[in-house]
file start.txt (compact mmCIF, C-alpha atoms)
# COMPACT_ATOMS: atom_id res chain seq x y z
CA MET A 1179 -83.97 -113.12 -161.02
CA GLY A 1180 -80.98 -111.21 -162.33
CA MET A 1181 -77.97 -109.37 -161.06
CA GLU A 1182 -78.53 -106.14 -159.23
CA THR A 1183 -78.54 -103.23 -161.64
CA GLU A 1184 -76.07 -101.24 -159.57
CA SER A 1185 -73.13 -103.40 -160.45
CA GLN A 1186 -70.77 -100.47 -159.97
CA PHE A 1187 -68.77 -100.14 -156.81
CA HIS A 1188 -69.25 -96.99 -154.80
CA VAL A 1189 -66.16 -95.51 -153.22
CA LEU A 1190 -65.98 -92.79 -150.60
CA ALA A 1191 -62.81 -90.73 -151.13
CA VAL A 1192 -61.50 -88.48 -148.37
CA ASP A 1193 -58.85 -85.80 -148.88
CA ASP A 1194 -58.47 -82.24 -147.66
CA SER A 1195 -56.76 -81.12 -150.88
CA LEU A 1196 -59.08 -80.12 -153.72
CA PHE A 1197 -56.43 -81.07 -156.21
CA ASP A 1198 -56.02 -84.55 -154.76
CA ARG A 1199 -59.77 -85.02 -154.61
CA LYS A 1200 -60.06 -84.24 -158.28
CA MET A 1201 -57.27 -86.69 -159.06
CA ILE A 1202 -58.64 -89.59 -157.03
CA GLU A 1203 -62.13 -88.95 -158.32
CA ARG A 1204 -61.01 -89.24 -161.93
CA LEU A 1205 -58.86 -92.27 -161.19
CA LEU A 1206 -61.82 -94.04 -159.59
CA GLN A 1207 -64.24 -93.03 -162.35
CA LYS A 1208 -61.80 -94.33 -164.93
CA SER A 1209 -61.79 -97.59 -162.96
CA SER A 1210 -65.58 -97.76 -163.33
CA CYS A 1211 -66.38 -96.80 -159.78
CA GLN A 1212 -68.98 -94.45 -158.52
CA VAL A 1213 -67.33 -91.82 -156.36
CA THR A 1214 -68.29 -89.53 -153.53
CA THR A 1215 -65.59 -87.15 -152.32
CA VAL A 1216 -65.46 -85.36 -148.98
CA ASP A 1217 -62.81 -83.07 -147.59
CA SER A 1218 -62.52 -84.36 -144.04
CA GLY A 1219 -62.73 -87.42 -141.85
CA SER A 1220 -65.68 -86.04 -139.92
CA LYS A 1221 -67.60 -85.41 -143.14
CA ALA A 1222 -66.83 -88.97 -144.16
CA LEU A 1223 -68.33 -90.29 -140.95
CA GLU A 1224 -71.34 -88.05 -141.41
CA PHE A 1225 -71.85 -89.39 -144.88
CA LEU A 1226 -71.71 -92.94 -143.60
CA GLY A 1227 -74.33 -92.10 -141.05
CA LEU A 1228 -72.20 -92.07 -137.97
CA ARG A 1229 -72.96 -89.20 -135.70
CA VAL A 1230 -69.98 -87.76 -133.92
CA ASP A 1231 -70.85 -86.70 -130.41
CA ASP A 1232 -69.99 -83.03 -130.07
CA GLU A 1233 -69.00 -83.30 -126.45
CA ASP A 1234 -67.05 -86.49 -126.64
CA PRO A 1235 -65.58 -87.16 -130.10
CA ASN A 1236 -64.76 -90.68 -129.00
CA VAL A 1237 -68.39 -91.55 -128.75
CA LEU A 1238 -69.91 -92.63 -132.02
CA SER A 1239 -73.48 -93.57 -132.56
CA THR A 1240 -75.49 -94.32 -135.63
CA SER A 1241 -77.60 -91.31 -136.34
CA PRO A 1242 -81.30 -92.15 -136.15
CA HIS A 1243 -82.01 -89.56 -138.82
CA ILE A 1244 -79.67 -90.78 -141.49
CA HIS A 1245 -80.67 -93.92 -143.32
CA GLN A 1246 -77.69 -95.16 -145.19
CA GLU A 1247 -79.25 -95.70 -148.59
CA VAL A 1248 -75.93 -95.50 -150.29
CA GLU A 1249 -73.89 -98.65 -150.03
CA ILE A 1250 -70.21 -97.88 -149.74
CA ASN A 1251 -67.91 -100.62 -150.96
CA LEU A 1252 -64.63 -98.96 -150.04
CA ILE A 1253 -63.23 -95.92 -148.26
CA ILE A 1254 -60.02 -94.41 -149.60
CA THR A 1255 -58.49 -91.69 -147.48
CA ASP A 1256 -55.47 -89.43 -147.32
CA TYR A 1257 -53.33 -89.92 -144.24
CA CYS A 1258 -52.28 -86.33 -143.51
CA MET A 1259 -55.36 -84.27 -142.87
CA PRO A 1260 -55.99 -81.52 -140.34
CA GLY A 1261 -58.21 -82.52 -137.44
CA MET A 1262 -59.04 -86.16 -137.99
CA THR A 1263 -56.21 -87.94 -139.79
CA GLY A 1264 -56.77 -90.85 -142.14
CA TYR A 1265 -55.54 -93.11 -139.39
CA ASP A 1266 -58.11 -91.69 -136.95
CA LEU A 1267 -60.82 -92.22 -139.54
CA LEU A 1268 -59.66 -95.79 -140.10
CA LYS A 1269 -59.86 -96.48 -136.39
CA LYS A 1270 -63.33 -95.04 -136.08
CA VAL A 1271 -64.61 -97.08 -139.00
CA LYS A 1272 -63.11 -100.30 -137.68
CA GLU A 1273 -64.47 -99.62 -134.20
CA SER A 1274 -68.00 -99.18 -135.50
CA ALA A 1275 -70.11 -102.32 -135.58
CA ALA A 1276 -72.08 -101.09 -138.55
CA PHE A 1277 -69.19 -100.16 -140.81
CA LYS A 1278 -66.15 -102.17 -139.81
CA SER A 1279 -66.66 -104.49 -142.76
CA ILE A 1280 -66.07 -101.66 -145.22
CA PRO A 1281 -62.51 -101.97 -146.58
CA VAL A 1282 -60.34 -98.91 -145.96
CA VAL A 1283 -57.34 -97.83 -148.03
CA ILE A 1284 -54.86 -95.17 -146.90
CA MET A 1285 -52.96 -92.83 -149.25
CA SER A 1286 -49.91 -90.81 -148.38
CA SER A 1287 -47.25 -88.79 -150.18
CA GLU A 1288 -44.70 -89.86 -147.58
CA ASN A 1289 -43.10 -93.26 -147.43
CA VAL A 1290 -42.88 -93.87 -143.69
CA PRO A 1291 -42.65 -97.60 -142.94
CA ALA A 1292 -43.81 -97.19 -139.34
CA ARG A 1293 -46.87 -95.30 -140.56
CA ILE A 1294 -47.63 -97.93 -143.16
CA SER A 1295 -47.43 -100.85 -140.75
CA ARG A 1296 -49.48 -99.00 -138.16
CA CYS A 1297 -52.26 -98.50 -140.68
CA LEU A 1298 -52.17 -102.06 -141.91
CA GLU A 1299 -52.23 -103.32 -138.34
CA GLU A 1300 -55.27 -101.20 -137.63
CA GLY A 1301 -57.08 -102.93 -140.47
CA ALA A 1302 -56.33 -100.95 -143.61
CA GLU A 1303 -56.44 -103.18 -146.66
CA GLU A 1304 -53.85 -101.30 -148.67
CA PHE A 1305 -51.51 -98.36 -148.34
CA PHE A 1306 -50.95 -96.37 -151.53
CA LEU A 1307 -48.10 -93.97 -152.04
CA LYS A 1308 -49.08 -90.82 -153.86
CA PRO A 1309 -49.25 -90.14 -156.70
CA VAL A 1310 -51.75 -92.94 -157.02
CA LYS A 1311 -51.78 -94.58 -160.43
CA LEU A 1312 -54.52 -96.35 -162.37
CA ALA A 1313 -52.66 -99.62 -161.92
CA ASP A 1314 -52.86 -99.22 -158.13
CA LEU A 1315 -56.63 -99.16 -158.25
CA THR A 1316 -56.86 -102.64 -159.76
CA LYS A 1317 -55.80 -103.85 -156.31
CA LEU A 1318 -59.04 -102.51 -154.91
CA LYS A 1319 -61.39 -104.77 -156.85
CA PRO A 1320 -60.85 -107.91 -154.71
CA HIS A 1321 -61.54 -105.96 -151.51
CA MET A 1322 -64.70 -104.43 -152.89
CA MET A 1323 -65.81 -107.76 -154.34
CA LYS A 1324 -65.82 -109.28 -150.87
CA THR A 1325 -68.49 -106.96 -149.56
CA LYS A 1326 -70.66 -107.36 -152.65
CA LEU A 1327 -70.36 -111.14 -152.78
CA LYS A 1328 -71.15 -111.49 -149.13
CA LYS A 1329 -74.42 -109.68 -149.69
CA GLU A 1330 -75.26 -111.63 -152.83
CA SER A 1331 -74.54 -115.00 -151.30
CA GLU A 1332 -76.66 -114.07 -148.32
CA LYS A 1333 -79.48 -113.25 -150.73
CA SER A 1334 -79.08 -116.47 -152.69
CA ALA A 1335 -79.06 -118.50 -149.51
CA LYS A 1336 -82.36 -116.96 -148.45
CA GLU A 1337 -83.94 -117.61 -151.85
CA GLU A 1338 -82.89 -121.24 -151.94
CA GLU A 1339 -84.14 -122.08 -148.48
CA SER A 1340 -87.56 -123.05 -149.78
CA GLU A 1341 -86.14 -125.40 -152.43
CA VAL A 1342 -85.73 -129.13 -151.87
CA SER A 1343 -81.98 -129.48 -151.89
CA LYS A 1344 -80.18 -126.59 -150.40
CA PRO A 1345 -76.95 -125.62 -152.15
CA GLU A 1346 -74.01 -125.19 -149.87
CA ILE A 1347 -73.09 -121.58 -150.11
CA GLU A 1348 -70.08 -121.16 -147.94
CA GLU A 1349 -68.15 -118.10 -146.88
CA GLU A 1350 -65.85 -116.84 -149.59
CA GLU A 1351 -62.82 -118.34 -147.85
CA ALA A 1352 -64.06 -121.93 -148.20
CA VAL A 1353 -63.58 -123.94 -151.35
CA ILE A 1354 -66.89 -124.99 -152.88
CA GLU A 1355 -66.76 -128.64 -153.82
CA ILE A 1356 -70.39 -129.51 -154.48
CA LEU A 1357 -72.05 -127.68 -157.32
CA PRO A 1358 -75.85 -127.65 -157.22
CA LEU A 1359 -77.74 -129.53 -159.90
CA HIS A 1360 -80.55 -127.05 -160.10
CA GLN A 1361 -81.43 -126.03 -163.63
CA GLU A 1362 -83.35 -123.11 -162.13
CA LEU A 1363 -80.18 -121.63 -160.82
CA GLU A 1364 -79.28 -118.94 -163.28
CA SER A 1365 -75.77 -118.48 -164.58
CA GLU A 1366 -75.30 -115.35 -162.49
CA GLN A 1367 -75.97 -117.18 -159.28
CA LEU A 1368 -73.70 -120.00 -160.35
CA GLU A 1369 -70.98 -117.49 -161.02
CA THR A 1370 -71.48 -116.15 -157.53
CA ILE A 1371 -71.03 -119.60 -156.05
CA VAL A 1372 -68.15 -120.57 -158.30
CA SER A 1373 -66.35 -117.39 -157.50
CA SER A 1374 -66.75 -117.90 -153.76
CA SER A 1375 -63.52 -119.80 -153.74
CA ASN A 1376 -60.36 -118.73 -152.13
CA LYS A 1377 -58.75 -117.90 -155.43
CA ARG A 1378 -58.88 -114.17 -155.97
CA LYS A 1379 -57.67 -114.39 -159.55
CA ALA A 1380 -60.44 -116.78 -160.46
CA MET A 1381 -62.87 -114.33 -158.95
CA GLU A 1382 -61.67 -111.57 -161.18
CA GLU A 1383 -61.77 -113.74 -164.26
CA VAL A 1384 -65.23 -115.13 -163.66
CA ILE A 1385 -66.87 -111.91 -162.79
CA SER A 1386 -66.07 -109.62 -165.64
CA THR A 1387 -68.25 -107.10 -167.30
CA ASP A 1388 -67.78 -108.51 -170.77
CA ARG A 1389 -69.57 -111.79 -171.03
CA SER A 1390 -66.90 -113.95 -172.55
CA ARG A 1391 -66.84 -116.56 -169.85
CA PRO A 1392 -68.28 -120.06 -170.33
CA LYS A 1393 -71.87 -120.75 -169.35
CA TYR A 1394 -72.47 -123.46 -166.79
CA ASN A 1395 -75.61 -124.95 -168.21
CA ASP A 1396 -74.89 -128.61 -167.91
CA ILE A 1397 -73.40 -129.39 -164.61
CA THR A 1398 -72.92 -132.69 -162.98
CA THR A 1399 -71.97 -132.84 -159.38
CA SER A 1400 -68.65 -134.25 -158.49
CA VAL A 1401 -68.41 -135.41 -154.94
CA MET B 412 -56.07 -82.00 -195.15
CA ASN B 413 -54.56 -85.28 -194.05
CA THR B 414 -51.07 -83.92 -194.49
CA ILE B 415 -51.85 -80.98 -192.25
CA VAL B 416 -53.12 -83.29 -189.53
CA ALA B 417 -50.08 -85.53 -189.89
CA GLN B 418 -47.81 -82.52 -189.75
CA LEU B 419 -49.47 -81.20 -186.62
CA GLN B 420 -49.39 -84.61 -185.02
CA ARG B 421 -45.68 -84.90 -185.71
CA GLN B 422 -45.16 -81.46 -184.27
CA PHE B 423 -47.13 -82.40 -181.18
CA GLN B 424 -45.24 -85.63 -180.76
CA GLY B 425 -41.89 -83.90 -181.13
CA TYR B 426 -42.82 -81.20 -178.69
CA ILE B 427 -44.11 -83.43 -175.95
CA VAL B 428 -41.13 -85.76 -176.28
CA SER B 429 -38.80 -82.78 -175.90
CA LEU B 430 -40.61 -81.75 -172.74
CA TYR B 431 -39.94 -85.16 -171.27
CA GLN B 432 -36.35 -85.19 -172.46
CA GLN B 433 -35.63 -81.76 -171.05
CA GLY B 434 -37.01 -82.86 -167.73
CA TYR B 435 -40.04 -80.62 -167.58
CA LEU B 436 -42.35 -83.63 -167.41
CA ASP B 437 -42.04 -87.14 -166.09
CA ASN B 438 -43.97 -90.39 -166.30
CA GLN B 439 -46.70 -89.11 -164.04
CA PHE B 440 -47.81 -86.76 -166.80
CA THR B 441 -48.30 -89.81 -169.00
CA GLU B 442 -50.45 -91.31 -166.25
CA LEU B 443 -52.45 -88.11 -166.18
CA ARG B 444 -53.12 -88.29 -169.91
CA LYS B 445 -54.45 -91.82 -169.47
CA LEU B 446 -57.24 -90.38 -167.35
CA GLN B 447 -58.49 -88.20 -170.16
CA ASP B 448 -61.14 -89.63 -172.47
CA GLU B 449 -64.30 -88.71 -174.37
CA GLY B 450 -66.14 -88.41 -171.07
CA SER B 451 -63.51 -86.07 -169.62
CA PRO B 452 -61.84 -84.48 -172.65
CA ASP B 453 -60.38 -81.54 -170.72
CA PHE B 454 -59.21 -83.36 -167.66
CA VAL B 455 -55.50 -82.72 -168.12
CA ALA B 456 -55.99 -79.04 -168.85
CA GLU B 457 -58.27 -78.68 -165.83
CA VAL B 458 -55.94 -80.42 -163.44
CA VAL B 459 -52.94 -78.56 -164.73
CA SER B 460 -54.78 -75.28 -164.36
CA LEU B 461 -55.66 -76.15 -160.76
CA PHE B 462 -52.03 -76.95 -160.17
CA PHE B 463 -50.80 -73.62 -161.49
CA ASP B 464 -53.39 -71.75 -159.42
CA ASP B 465 -52.14 -73.67 -156.37
CA CYS B 466 -48.55 -72.75 -157.23
CA ALA B 467 -49.34 -69.06 -157.42
CA LYS B 468 -51.20 -69.07 -154.12
CA LEU B 469 -48.70 -71.19 -152.20
CA ILE B 470 -45.75 -69.19 -153.48
CA ASN B 471 -47.45 -65.98 -152.45
CA ASP B 472 -48.18 -67.29 -148.94
CA MET B 473 -44.66 -68.61 -148.50
CA SER B 474 -43.23 -65.34 -149.71
CA THR B 475 -45.14 -63.56 -146.96
CA SER B 476 -43.89 -66.03 -144.37
CA LEU B 477 -40.30 -65.53 -145.46
CA GLU B 478 -40.49 -61.77 -145.72
CA ARG B 479 -39.25 -60.60 -142.33
CA PRO B 480 -35.80 -61.99 -141.51
CA ASP B 481 -36.45 -61.90 -137.77
CA HIS B 482 -39.86 -63.48 -137.94
CA VAL B 483 -40.01 -66.41 -140.37
CA ASP B 484 -42.85 -68.87 -140.07
CA PHE B 485 -40.99 -71.99 -141.17
CA LYS B 486 -43.92 -74.15 -140.24
CA GLN B 487 -46.08 -72.40 -142.78
CA VAL B 488 -43.33 -72.59 -145.38
CA ASP B 489 -42.90 -76.29 -144.71
CA SER B 490 -46.61 -76.85 -145.16
CA GLY B 491 -46.56 -74.94 -148.44
CA VAL B 492 -43.59 -76.86 -149.78
CA HIS B 493 -45.22 -80.14 -148.77
CA GLN B 494 -48.36 -79.29 -150.72
CA LEU B 495 -46.42 -78.06 -153.71
CA LYS B 496 -44.26 -81.15 -153.76
CA GLY B 497 -47.34 -83.35 -153.60
CA SER B 498 -49.23 -81.69 -156.39
CA SER B 499 -46.22 -81.26 -158.67
CA SER B 500 -45.54 -84.94 -158.17
CA SER B 501 -49.12 -85.83 -159.07
CA VAL B 502 -49.04 -83.74 -162.22
CA GLY B 503 -45.64 -84.91 -163.42
CA ALA B 504 -44.04 -81.48 -163.10
CA ARG B 505 -40.57 -82.87 -162.67
CA ARG B 506 -38.52 -79.68 -162.41
CA VAL B 507 -40.93 -78.07 -159.99
CA LYS B 508 -40.80 -81.18 -157.86
CA SER B 509 -36.99 -81.16 -157.84
CA VAL B 510 -36.91 -77.61 -156.57
CA CYS B 511 -39.41 -78.55 -153.87
CA ILE B 512 -37.08 -81.27 -152.63
CA ALA B 513 -34.25 -78.75 -152.28
CA PHE B 514 -36.69 -76.26 -150.81
CA LYS B 515 -37.73 -78.71 -148.10
CA GLU B 516 -34.10 -79.24 -147.12
CA CYS B 517 -33.58 -75.51 -146.67
CA CYS B 518 -36.73 -75.31 -144.65
CA ASP B 519 -35.72 -78.23 -142.42
CA VAL B 520 -32.55 -76.42 -141.37
CA GLN B 521 -34.36 -73.08 -141.22
CA ASN B 522 -32.15 -71.55 -143.87
CA ARG B 523 -34.04 -68.40 -144.85
CA GLU B 524 -31.68 -67.42 -147.65
CA GLY B 525 -31.84 -70.88 -149.14
CA CYS B 526 -35.61 -70.82 -148.89
CA LEU B 527 -35.80 -67.49 -150.68
CA ARG B 528 -33.63 -68.83 -153.50
CA CYS B 529 -35.78 -71.94 -153.82
CA LEU B 530 -38.91 -69.85 -153.76
CA GLN B 531 -37.62 -67.78 -156.65
CA GLN B 532 -36.65 -70.90 -158.54
CA VAL B 533 -39.96 -72.65 -158.01
CA ASP B 534 -41.73 -69.52 -159.22
CA TYR B 535 -39.61 -69.52 -162.36
CA GLU B 536 -40.09 -73.24 -163.01
CA TYR B 537 -43.86 -73.31 -162.66
CA LYS B 538 -44.25 -70.30 -164.93
CA MET B 539 -41.94 -71.85 -167.49
CA LEU B 540 -43.92 -75.08 -167.42
CA LYS B 541 -47.14 -73.14 -167.71
CA THR B 542 -46.08 -71.57 -171.01
CA LYS B 543 -44.76 -74.88 -172.33
CA LEU B 544 -47.98 -76.70 -171.55
CA GLN B 545 -50.02 -73.88 -173.02
CA ASP B 546 -48.13 -74.37 -176.27
CA LEU B 547 -48.82 -78.10 -176.03
CA PHE B 548 -52.53 -77.60 -175.47
CA ASN B 549 -52.66 -75.17 -178.39
CA LEU B 550 -51.16 -77.83 -180.62
CA GLU B 551 -53.77 -80.27 -179.39
CA GLN B 552 -56.54 -77.85 -180.27
CA GLN B 553 -55.09 -77.32 -183.73
CA ILE B 554 -55.04 -81.07 -184.33
CA LEU B 555 -58.63 -81.45 -183.16
CA GLN B 556 -59.82 -78.53 -185.24
CA ALA B 557 -58.11 -80.00 -188.29
CA GLY B 558 -60.13 -83.16 -187.67
CA GLY B 559 -57.30 -85.28 -186.31
CA THR B 560 -56.79 -87.22 -183.11
CA ILE B 561 -54.22 -86.47 -180.46
CA PRO B 562 -51.44 -89.06 -180.58
CA GLN B 563 -50.73 -91.22 -177.55
CA VAL B 564 -47.12 -90.83 -176.60
CA SER B 565 -45.45 -93.46 -174.47
CA MET B 566 -42.09 -92.66 -172.99
CA ASN B 567 -39.99 -95.65 -172.03
call {"tool": "encode", "arguments": {"input": "start.txt", "output": "structure tokens"}}
result
Amino acid sequence: MGMETESQFHVLAVDDSLFDRKMIERLLQKSSCQVTTVDSGSKALEFLGLRVDDEDPNVLSTSPHIHQEVEINLIITDYCMPGMTGYDLLKKVKESAAFKSIPVVIMSSENVPARISRCLEEGAEEFFLKPVKLADLTKLKPHMMKTKLKKESEKSAKEEESEVSKPEIEEEEAVIEILPLHQELESEQLETIVSSSNKRKAMEEVISTDRSRPKYNDITTSV
Amino acid sequence: MNTIVAQLQRQFQGYIVSLYQQGYLDNQFTELRKLQDEGSPDFVAEVVSLFFDDCAKLINDMSTSLERPDHVDFKQVDSGVHQLKGSSSSVGARRVKSVCIAFKECCDVQNREGCLRCLQQVDYEYKMLKTKLQDLFNLEQQILQAGGTIPQVSMN
């Protein structure tokens, strides 16, 4: 039982400007993300699998024809776009039961405090001022981690159900105090549990692509 | 052969530093260069080329909008300036961006004459930058062909 092979995050980038799409795509690739770019909010929703009702654009339903095989870990969108703005897109994503857990980041070339707070209030995780820099994208990792960890801890919980002592795998906000004794638990799963603490920094340190972190082979529980 | 590479590298370094010092480029250009690697070796040239194509098109459209004194589409001009400001900012084209800021101000007060002056200036600046960057890219090619690597230049 190992880590999922697709350890890369997949980001959906939305911008009506070809130039900006090329920029954000390269920035994300350089940050080791898989990228899909679209040029409008409606195309973004289509890609996610949300069908926009032609008659009433306020009505969204999950299209029965589109099976979302692609897991999106984050949506990054420009604010100023013709038709559906980034803010409109944010709203639609957060209103959808299926996709509201996907973190959304807004980008804008204009520094308008009212705009920024409106977006954050609506549920945007971050607001980036253009031009976006490589350093800005490091802020995205914690948000994307949350969605991946949630899925992995759900998986681990299901696998452990049949075992004798069930490890307490809490939500990522809770601090894990009891470490399971199981020798069968592989280091990857342990890392998942250890990182499910409320310390973001620890999360980033523990889960790194280069395997320089300590192995938790001999663990004694501390109650 | 090593001396030639070293010579070219020094030339490159000197040239790019002068572009920063003369205000043609700013820190964002440095950021752009960070995005180039073995996987995307032509990224900067591609993006810059896109930018210049954008400049030409936007300037042409704005020129049309400003043509008739009695019938200026300031909304279109504003949109063009906004785009130009955004992309010049992303590329690190400092002088072009500066003109765009002045351009926007003229547009905001619907000053046609001012807009026409800015349009002329932005046209001049982007073309100037285009030739400068072409020279820079040529130097890069010479270094690579001589078997050298392109130096990383950090401007503080």
call {"tool": "closest_residue", "arguments": {"input": "start.txt", "among": "B:Ser460, B:Thr560, B:Ser509, B:Asn471", "to": "chain A", "atoms": "all atoms listed in the file"}}
result
B:Ser460
call {"tool": "residues_around", "arguments": {"input": "start.txt", "residues": "A:Asp1256", "least_positions_apart": "5", "cutoff": "8 Å", "atoms": "all atoms listed in the file", "output": "PyMOL selection string"}}
result
chain A and resi 1192-1194+1263-1264+1284-1286
call {"tool": "closest_residue", "arguments": {"input": "start.txt", "among": "B:Met473, B:Ala504, B:Pro480, B:Ala417", "to": "chain A", "atoms": "all atoms listed in the file"}}
result
B:Ala504
call {"tool": "closest_residue", "arguments": {"input": "start.txt", "among": "B:Ile561, B:Val416, B:Val502, B:Leu477", "to": "chain A", "atoms": "all atoms listed in the file"}}
result
B:Val502
call {"tool": "residues_around", "arguments": {"input": "start.txt", "residues": "B:Leu436", "least_positions_apart": "2", "cutoff": "9 Å", "atoms": "all atoms listed in the file", "output": "ChimeraX atom specification"}}
result
/B:427,430-434,438-441,502-506,540
call {"tool": "closest_atom_pairs", "arguments": {"input": "start.txt", "of": "chain B", "to": "chain A", "cutoff": "10 Å", "atoms": "only C-alpha atoms", "output": "JSON lines"}}
result
{"residue": "B:Gln439", "atom": "CA", "partner": "A:Pro1309", "partner_atom": "CA", "distance": 7.8}
{"residue": "B:Glu442", "atom": "CA", "partner": "A:Lys1311", "partner_atom": "CA", "distance": 6.8}
{"residue": "B:Leu443", "atom": "CA", "partner": "A:Lys1311", "partner_atom": "CA", "distance": 8.7}
{"residue": "B:Lys445", "atom": "CA", "partner": "A:Leu1312", "partner_atom": "CA", "distance": 8.4}
{"residue": "B:Leu446", "atom": "CA", "partner": "A:Lys1208", "partner_atom": "CA", "distance": 6.5}
{"residue": "B:Gln447", "atom": "CA", "partner": "A:Arg1204", "partner_atom": "CA", "distance": 8.7}
{"residue": "B:Asp448", "atom": "CA", "partner": "A:Lys1208", "partner_atom": "CA", "distance": 8.9}
{"residue": "B:Gly450", "atom": "CA", "partner": "A:Lys1208", "partner_atom": "CA", "distance": 9.6}
{"residue": "B:Ser451", "atom": "CA", "partner": "A:Arg1204", "partner_atom": "CA", "distance": 8.7}
{"residue": "B:Phe454", "atom": "CA", "partner": "A:Arg1204", "partner_atom": "CA", "distance": 8.4}
{"residue": "B:Glu457", "atom": "CA", "partner": "A:Lys1200", "partner_atom": "CA", "distance": 9.5}
{"residue": "B:Val458", "atom": "CA", "partner": "A:Phe1197", "partner_atom": "CA", "distance": 7.3}
{"residue": "B:Val459", "atom": "CA", "partner": "A:Phe1197", "partner_atom": "CA", "distance": 9.5}
{"residue": "B:Leu461", "atom": "CA", "partner": "A:Phe1197", "partner_atom": "CA", "distance": 6.7}
{"residue": "B:Phe462", "atom": "CA", "partner": "A:Phe1197", "partner_atom": "CA", "distance": 7.2}
{"residue": "B:Asp465", "atom": "CA", "partner": "A:Phe1197", "partner_atom": "CA", "distance": 8.6}
{"residue": "B:His493", "atom": "CA", "partner": "A:Ser1287", "partner_atom": "CA", "distance": 9.0}
{"residue": "B:Gln494", "atom": "CA", "partner": "A:Ser1195", "partner_atom": "CA", "distance": 8.6}
{"residue": "B:Lys496", "atom": "CA", "partner": "A:Ser1287", "partner_atom": "CA", "distance": 9.0}
{"residue": "B:Gly497", "atom": "CA", "partner": "A:Ser1287", "partner_atom": "CA", "distance": 6.4}
{"residue": "B:Ser498", "atom": "CA", "partner": "A:Phe1197", "partner_atom": "CA", "distance": 7.2}
{"residue": "B:Ser499", "atom": "CA", "partner": "A:Pro1309", "partner_atom": "CA", "distance": 9.6}
{"residue": "B:Ser500", "atom": "CA", "partner": "A:Pro1309", "partner_atom": "CA", "distance": 6.6}
{"residue": "B:Ser501", "atom": "CA", "partner": "A:Pro1309", "partner_atom": "CA", "distance": 4.9}
{"residue": "B:Val502", "atom": "CA", "partner": "A:Pro1309", "partner_atom": "CA", "distance": 8.5}
{"residue": "B:Gly503", "atom": "CA", "partner": "A:Pro1309", "partner_atom": "CA", "distance": 9.2}
call {"tool": "residues_around", "arguments": {"input": "start.txt", "residues": "B:Asn522", "least_positions_apart": "2", "cutoff": "12 Å", "atoms": "all atoms listed in the file", "output": "ChimeraX atom specification"}}
result
/B:477,480,483-485,488-489,513-520,524-529
call {"tool": "atom_distance", "arguments": {"input": "start.txt", "atom1": "atom CA of B:Tyr426", "atom2": "atom CA of B:Asp546"}}
result
9.0 Å
call {"tool": "closest_residue", "arguments": {"input": "start.txt", "among": "B:Lys486, B:Ser474, B:Phe463, B:Cys511", "to": "B:Gln545", "atoms": "only C-alpha atoms"}}
result
B:Phe463
call {"tool": "closest_residue", "arguments": {"input": "start.txt", "among": "A:Ile1250, A:Ala1276, A:Leu1267, A:Ile1294", "to": "A:Thr1325", "atoms": "all atoms listed in the file"}}
result
A:Ile1250
call {"tool": "residues_around", "arguments": {"input": "start.txt", "residues": "A:Leu1252", "least_positions_apart": "4", "cutoff": "12 Å", "atoms": "only C-alpha atoms", "output": "count of residues only"}}
result
39
call {"tool": "atom_distance", "arguments": {"input": "start.txt", "atom1": "atom CA of A:Arg1199", "atom2": "atom CA of A:Ile1254"}}
result
10.6 Å
call {"tool": "atom_distance", "arguments": {"input": "start.txt", "atom1": "atom CA of B:Ala456", "atom2": "atom CA of B:Lys541"}}
result
10.7 Å
call {"tool": "closest_residue", "arguments": {"input": "start.txt", "among": "B:Ala557, B:Val507, B:Leu547, B:Cys466", "to": "B:Phe423", "atoms": "all atoms listed in the file"}}
result
B:Leu547
